[in-house]
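These notes are about the structure you will find just below.
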Amino acid sequence: MDNYIKLIHGNGGKDTNHLIEEIFYKHFNNELLVNSLDSSVFKVSQGKMAFTTDSFVVKPLFFSGGNIGKLAVCGTINDLVVSGARPLYLSCGFIIEEGFPMNLLEKIVHTMGKICKETGVKIVTGDTKVVEKGAVDGLFINTSGIGIINRGYEPKPIKKGDNIIVTGGIAEHGTTIAIERYKMKVKGNLKSDCMPLTKVMDKLEKHISSVKLMKDPTRGGLATALNEIAQFAEMDIHLLEEQIPIKKEMVSVNQLIGLDPLYLACEGRMILVVDQNEGQNIVKEIRKCEGCEDAKIIGSLVNIGSAPTVFIETFIGGKRILGPLEGAMLPRIC
């Protein structure tokens, strides 16, 4: 195998087959992928399905807590989970720049295969294109995913008093990317929260009748996702700043670089709207998941004003309105 990707690796011939067999099949190995021709054929159970797709262009490709491959697999898995689906199968498309180091490609593919094994998800089809040097910035990945809706879940009407839960500390992915993008020297164990949310879904099963809505706060962060929930519910959201889990070092770094952590991307967190009578019980279950020990109720739905609004009660008792993100706070975050 060559040390670097060449244009010939994307021409569909012998070299492409070597790349597929020695890198992709090696780490994604499963019977549906290996035995497929132009498409993968599989059985599904009766019921509703969820189908999603996303493209990943993060810069840098490797960051503390993950890389573009982990981000791509977790991102698509989590889009299915917050739709109430149990993820089953993924597709994976690579666009690779000529000259990309083969060992880095294998590290990324290895990470993707590891996450798939841990979650029971299979990559069953894919595509590889190699483009001239300068046509892309190293490597772009597209993943699509299919899942089966779990226990008939569907969004439910939201009522005044319903609790809003976040499953862990916010802004960790966005802050990590900013630190590495700006080559900041910061002490401490700061890393992306990027992880699959399948274990959270397992913990929610016995409470699923009390879960009214789920959403992952990726681009635009917590504030933008809550604005979308307020619009969906046609109600105001009252947040308590002191209840929002965020590490002190995340606050310090964002004060230094002038970013608002409420608008920075999370890649392993979920926002839930739940019946107020079950909020604390659901938080206790979620906290049993590794990486979700800081899950909290951060606010509630309240009566509508002139238009659905998200407002936050600050540490000193003041209030401010949180609108959705305007413009790009930090491009190429995922």
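For the structure tokens, the naming scheme is as follows: chains receive sequential letters (A, B, ...) according to their order of presentation, residues are indexed from 1 within each chain, and ligands are indexed from 1 in presentation order.
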Residues near A:Ser306, anyone? I mean within 10 Å using only C-alpha atoms, not counting same-chain ones fewer than 2 positions away, as a PDB file with all heavy atoms, in the first residue's frame.
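And here is the file that came out, part-v1.pdb:
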```
ATOM      1  N   MET A 235     -44.373  28.271  22.612  1.00  0.00           N
ATOM      2  CA  MET A 235     -44.343  28.716  24.003  1.00  0.00           C
ATOM      3  C   MET A 235     -42.983  29.355  24.299  1.00  0.00           C
ATOM      4  O   MET A 235     -42.011  29.131  23.571  1.00  0.00           O
ATOM      5  CB  MET A 235     -44.559  27.527  24.963  1.00  0.00           C
ATOM      6  CG  MET A 235     -45.888  26.823  24.804  1.00  0.00           C
ATOM      7  SD  MET A 235     -46.063  25.442  25.957  1.00  0.00           S
ATOM      8  CE  MET A 235     -46.325  26.340  27.487  1.00  0.00           C
ATOM      9  N   ASP A 236     -42.930  30.158  25.370  1.00  0.00           N
ATOM     10  CA  ASP A 236     -41.650  30.702  25.830  1.00  0.00           C
ATOM     11  C   ASP A 236     -40.877  29.643  26.610  1.00  0.00           C
ATOM     12  O   ASP A 236     -41.466  28.712  27.175  1.00  0.00           O
ATOM     13  CB  ASP A 236     -41.884  31.902  26.748  1.00  0.00           C
ATOM     14  CG  ASP A 236     -42.414  33.115  25.997  1.00  0.00           C
ATOM     15  OD1 ASP A 236     -42.353  33.103  24.749  1.00  0.00           O
ATOM     16  OD2 ASP A 236     -42.894  34.045  26.658  1.00  0.00           O
ATOM     17  N   ILE A 304     -46.848  31.632  26.578  1.00  0.00           N
ATOM     18  CA  ILE A 304     -46.349  32.384  25.440  1.00  0.00           C
ATOM     19  C   ILE A 304     -46.542  33.879  25.644  1.00  0.00           C
ATOM     20  O   ILE A 304     -47.524  34.314  26.247  1.00  0.00           O
ATOM     21  CB  ILE A 304     -47.046  31.920  24.141  1.00  0.00           C
ATOM     22  CG1 ILE A 304     -46.369  32.550  22.935  1.00  0.00           C
ATOM     23  CG2 ILE A 304     -48.540  32.239  24.177  1.00  0.00           C
ATOM     24  CD1 ILE A 304     -46.808  31.958  21.620  1.00  0.00           C
ATOM     25  N   PRO A 308     -42.947  33.251  20.521  1.00  0.00           N
ATOM     26  CA  PRO A 308     -42.132  32.287  21.288  1.00  0.00           C
ATOM     27  C   PRO A 308     -40.711  32.800  21.495  1.00  0.00           C
ATOM     28  O   PRO A 308     -40.013  33.124  20.536  1.00  0.00           O
ATOM     29  CB  PRO A 308     -42.162  31.041  20.398  1.00  0.00           C
ATOM     30  CG  PRO A 308     -43.394  31.173  19.586  1.00  0.00           C
ATOM     31  CD  PRO A 308     -43.565  32.635  19.339  1.00  0.00           C
ATOM     32  N   THR A 309     -40.295  32.881  22.743  1.00  0.00           N
ATOM     33  CA  THR A 309     -39.011  33.499  23.094  1.00  0.00           C
ATOM     34  C   THR A 309     -38.270  32.629  24.104  1.00  0.00           C
ATOM     35  O   THR A 309     -38.888  32.009  24.965  1.00  0.00           O
ATOM     36  CB  THR A 309     -39.241  34.890  23.721  1.00  0.00           C
ATOM     37  OG1 THR A 309     -39.988  35.682  22.795  1.00  0.00           O
ATOM     38  CG2 THR A 309     -37.933  35.583  24.045  1.00  0.00           C
TER      39      THR A 309
END
```
Open item on the list: Which residues are near stretch 182-187 of chain A? Cut-off 12 Å, only C-alpha atoms, ignore same chain within fewer than 6 positions. Put them as a list in words.
Closed with: Lys59, Pro60, Phe63, Thr175, Thr176, Glu249, Met250, Ser252, Val253, Asn254, Leu256, Ile257 and Leu330 of chain A
Task: Those in stretch 24-258 of chain A with strand (DSSP E or B) from DSSP, as a PyMOL selection string - done: chain A and resi 49-56+62-63+66-67+85-97+101+122-131+139-149+163-166+211-215+236-240
TODO: Name the residues in contact with stretch 280-295 of chain A at a cut-off of 8 Å, using only C-alpha atoms, excluding same-chain residues fewer than 4 positions from it; report them as a ChimeraX atom specification.
DONE: /A:165-169,193,199-200,203-204,207,245
With only C-alpha atoms as the counted atoms, please give the residues lying no more than 6 Å from A:Val58, apart from itself and same-chain residues fewer than 4 positions off, as an mmCIF file with all heavy atoms, in the first residue's frame.
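Below is the file part36.cif, written as the result:
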```cif
data_model
loop_
_atom_site.group_PDB
_atom_site.id
_atom_site.type_symbol
_atom_site.label_atom_id
_atom_site.label_comp_id
_atom_site.auth_asym_id
_atom_site.auth_seq_id
_atom_site.Cartn_x
_atom_site.Cartn_y
_atom_site.Cartn_z
ATOM 1 N N ARG A 332 -16.864 25.671 9.923
ATOM 2 C CA ARG A 332 -16.259 24.323 9.817
ATOM 3 C C ARG A 332 -16.059 23.695 11.193
ATOM 4 O O ARG A 332 -14.983 23.239 11.544
ATOM 5 C CB ARG A 332 -14.965 24.374 9.007
ATOM 6 C CG ARG A 332 -15.203 24.751 7.558
ATOM 7 C CD ARG A 332 -13.973 24.664 6.725
ATOM 8 N NE ARG A 332 -13.412 23.319 6.724
ATOM 9 C CZ ARG A 332 -12.299 22.999 6.108
ATOM 10 N NH1 ARG A 332 -11.632 23.927 5.447
ATOM 11 N NH2 ARG A 332 -11.863 21.766 6.141
ATOM 12 N N ILE A 333 -17.143 23.696 11.961
ATOM 13 C CA ILE A 333 -17.122 23.179 13.326
ATOM 14 C C ILE A 333 -17.408 21.673 13.337
ATOM 15 O O ILE A 333 -17.099 20.966 14.281
ATOM 16 C CB ILE A 333 -18.155 23.948 14.169
ATOM 17 C CG1 ILE A 333 -17.926 23.773 15.649
ATOM 18 C CG2 ILE A 333 -19.564 23.574 13.808
ATOM 19 C CD1 ILE A 333 -16.871 24.664 16.191
ATOM 20 N N CYS A 334 -18.053 21.184 12.273
ATOM 21 C CA CYS A 334 -18.396 19.756 12.223
ATOM 22 C C CYS A 334 -18.384 19.275 10.783
ATOM 23 O O CYS A 334 -17.986 20.008 9.896
ATOM 24 C CB CYS A 334 -19.743 19.480 12.879
ATOM 25 S SG CYS A 334 -21.114 20.345 12.127
#
```
TODO: Considering only C-alpha atoms, state which residue in the set A:Gly138, A:Gly75, A:Gly120, A:Gly93 is at the smallest distance from A:Leu61.
DONE: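 Smallest distance to A:Leu61 is found for A:Gly138.
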Task: A:Ile298 environment, 6 Å, only C-alpha atoms, sequence neighbours closer than 2 positions dropped, as a list in words - done: Ile164, Ile165, Leu239, Leu240, Gln243, Ile244 and Lys296 of chain A
TODO: Determine, counting only C-alpha atoms, which protein, DNA and RNA residues have an atom within 9 Å of an atom of A:Leu322; residues of the same chain fewer than 2 positions away are not included. Present the result as a list in words.
DONE: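 What passes the distance filter is Ala223, Thr224, Leu226, Asn227, Leu262, Thr309, Val310, Phe311, Ile312, Arg320, Pro324 and Leu325 of chain A.
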Could you save those same residues with C-alpha atoms as an mmCIF file, in the first residue's frame?
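Result saved to selection_29.cif:
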```cif
data_model
loop_
_atom_site.group_PDB
_atom_site.id
_atom_site.type_symbol
_atom_site.label_atom_id
_atom_site.label_comp_id
_atom_site.auth_asym_id
_atom_site.auth_seq_id
_atom_site.Cartn_x
_atom_site.Cartn_y
_atom_site.Cartn_z
ATOM 1 C CA ALA A 223 -29.430 28.648 22.436
ATOM 2 C CA THR A 224 -30.317 28.000 18.796
ATOM 3 C CA LEU A 226 -33.922 25.931 22.288
ATOM 4 C CA ASN A 227 -35.240 28.624 19.945
ATOM 5 C CA LEU A 262 -24.433 29.077 24.681
ATOM 6 C CA THR A 309 -39.011 33.499 23.094
ATOM 7 C CA VAL A 310 -36.100 31.954 24.988
ATOM 8 C CA PHE A 311 -35.000 34.016 27.987
ATOM 9 C CA ILE A 312 -32.376 33.240 30.594
ATOM 10 C CA ARG A 320 -31.892 38.463 28.869
ATOM 11 C CA PRO A 324 -30.995 32.013 17.511
ATOM 12 C CA LEU A 325 -27.436 32.233 16.199
#
```
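Straight-line separation from atom CA of A:Ser209 to atom CA of A:Gln276: 12.4 Å.
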Considering only C-alpha atoms, return as a PDB file with C-alpha atoms, in the first residue's frame whatever protein or nucleic-acid residues lie within 12 Å of A:Ile77, sequence-local ones (same chain, fewer than 6 positions apart) excluded.
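Everything below was put into part.pdb:
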```
ATOM      1  CA  ALA A  50     -35.896   7.244  10.235  1.00  0.00           C
ATOM      2  CA  PHE A  51     -33.429   8.290   7.529  1.00  0.00           C
ATOM      3  CA  THR A  52     -30.885  11.111   7.814  1.00  0.00           C
ATOM      4  CA  THR A  53     -27.756  12.439   6.113  1.00  0.00           C
ATOM      5  CA  ASP A  54     -24.989  14.924   6.932  1.00  0.00           C
ATOM      6  CA  LYS A  70     -15.766   9.904  14.942  1.00  0.00           C
ATOM      7  CA  LEU A  71     -17.691  13.108  14.337  1.00  0.00           C
ATOM      8  CA  SER A  83     -35.644  11.155  16.239  1.00  0.00           C
ATOM      9  CA  GLY A  84     -36.515   8.219  18.497  1.00  0.00           C
ATOM     10  CA  ALA A  85     -34.839   5.649  16.238  1.00  0.00           C
ATOM     11  CA  ARG A  86     -32.462   2.800  17.016  1.00  0.00           C
ATOM     12  CA  PRO A  87     -29.629   3.248  14.465  1.00  0.00           C
ATOM     13  CA  LEU A  88     -28.999   0.225  12.255  1.00  0.00           C
ATOM     14  CA  TYR A  89     -27.076   1.019   9.080  1.00  0.00           C
ATOM     15  CA  LEU A  90     -24.870   3.818   7.771  1.00  0.00           C
ATOM     16  CA  SER A  91     -23.514   4.745   4.376  1.00  0.00           C
ATOM     17  CA  MET A 112     -15.254   4.908  12.696  1.00  0.00           C
ATOM     18  CA  ILE A 115     -17.638   3.388  17.237  1.00  0.00           C
ATOM     19  CA  CYS A 116     -19.766   1.185  14.975  1.00  0.00           C
ATOM     20  CA  GLU A 118     -19.493  -0.301  20.234  1.00  0.00           C
ATOM     21  CA  THR A 119     -22.958   0.816  19.154  1.00  0.00           C
ATOM     22  CA  GLY A 120     -23.964  -2.187  17.055  1.00  0.00           C
ATOM     23  CA  VAL A 121     -24.294  -0.029  13.937  1.00  0.00           C
ATOM     24  CA  LYS A 122     -23.006  -1.282  10.576  1.00  0.00           C
ATOM     25  CA  ILE A 123     -21.561   0.686   7.670  1.00  0.00           C
ATOM     26  CA  THR A 143     -22.643   9.763   6.234  1.00  0.00           C
ATOM     27  CA  SER A 144     -26.293   8.762   5.913  1.00  0.00           C
ATOM     28  CA  GLY A 145     -28.126   6.552   8.373  1.00  0.00           C
ATOM     29  CA  ILE A 146     -31.241   4.400   8.719  1.00  0.00           C
ATOM     30  CA  GLY A 147     -32.885   3.423  11.995  1.00  0.00           C
ATOM     31  CA  ILE A 148     -36.100   1.851  13.264  1.00  0.00           C
ATOM     32  CA  CYS A 194     -18.220  13.957  20.721  1.00  0.00           C
ATOM     33  CA  MET A 195     -19.845  10.578  21.501  1.00  0.00           C
ATOM     34  CA  PRO A 196     -22.802   8.407  20.430  1.00  0.00           C
ATOM     35  CA  LEU A 197     -26.050   8.823  22.385  1.00  0.00           C
ATOM     36  CA  THR A 198     -27.286   5.245  22.020  1.00  0.00           C
ATOM     37  CA  LYS A 199     -26.759   4.469  25.721  1.00  0.00           C
ATOM     38  CA  MET A 201     -31.622   6.112  24.435  1.00  0.00           C
ATOM     39  CA  ASP A 216     -29.130  17.523  19.632  1.00  0.00           C
ATOM     40  CA  GLU A 267     -21.523  16.777  19.504  1.00  0.00           C
ATOM     41  CA  GLY A 268     -22.490  14.359  22.297  1.00  0.00           C
TER      42      GLY A 268
END
```
Listing only residues of stretch 58-168 of chain A within 7 Å of stretch 19-37 of chain A, what is the closest atom pair and its distance in Å (to one decimal) for each, using only C-alpha atoms, sorted by chain and residue number ascending, as a Markdown table?
```
| residue | atom | partner | partner_atom | distance |
| --- | --- | --- | --- | --- |
| A:Glu106 | CA | A:Ile23 | CA | 6.0 |
| A:Val109 | CA | A:His27 | CA | 6.5 |
| A:His110 | CA | A:His27 | CA | 5.5 |
| A:Gly113 | CA | A:Phe28 | CA | 5.0 |
| A:Ile123 | CA | A:Phe28 | CA | 6.3 |
| A:Val124 | CA | A:Leu33 | CA | 4.3 |
| A:Thr125 | CA | A:Leu33 | CA | 5.8 |
```
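One distance worth recording is that between atom CA of A:Glu97 and atom CA of A:Ile8, which is 11.7 Å.
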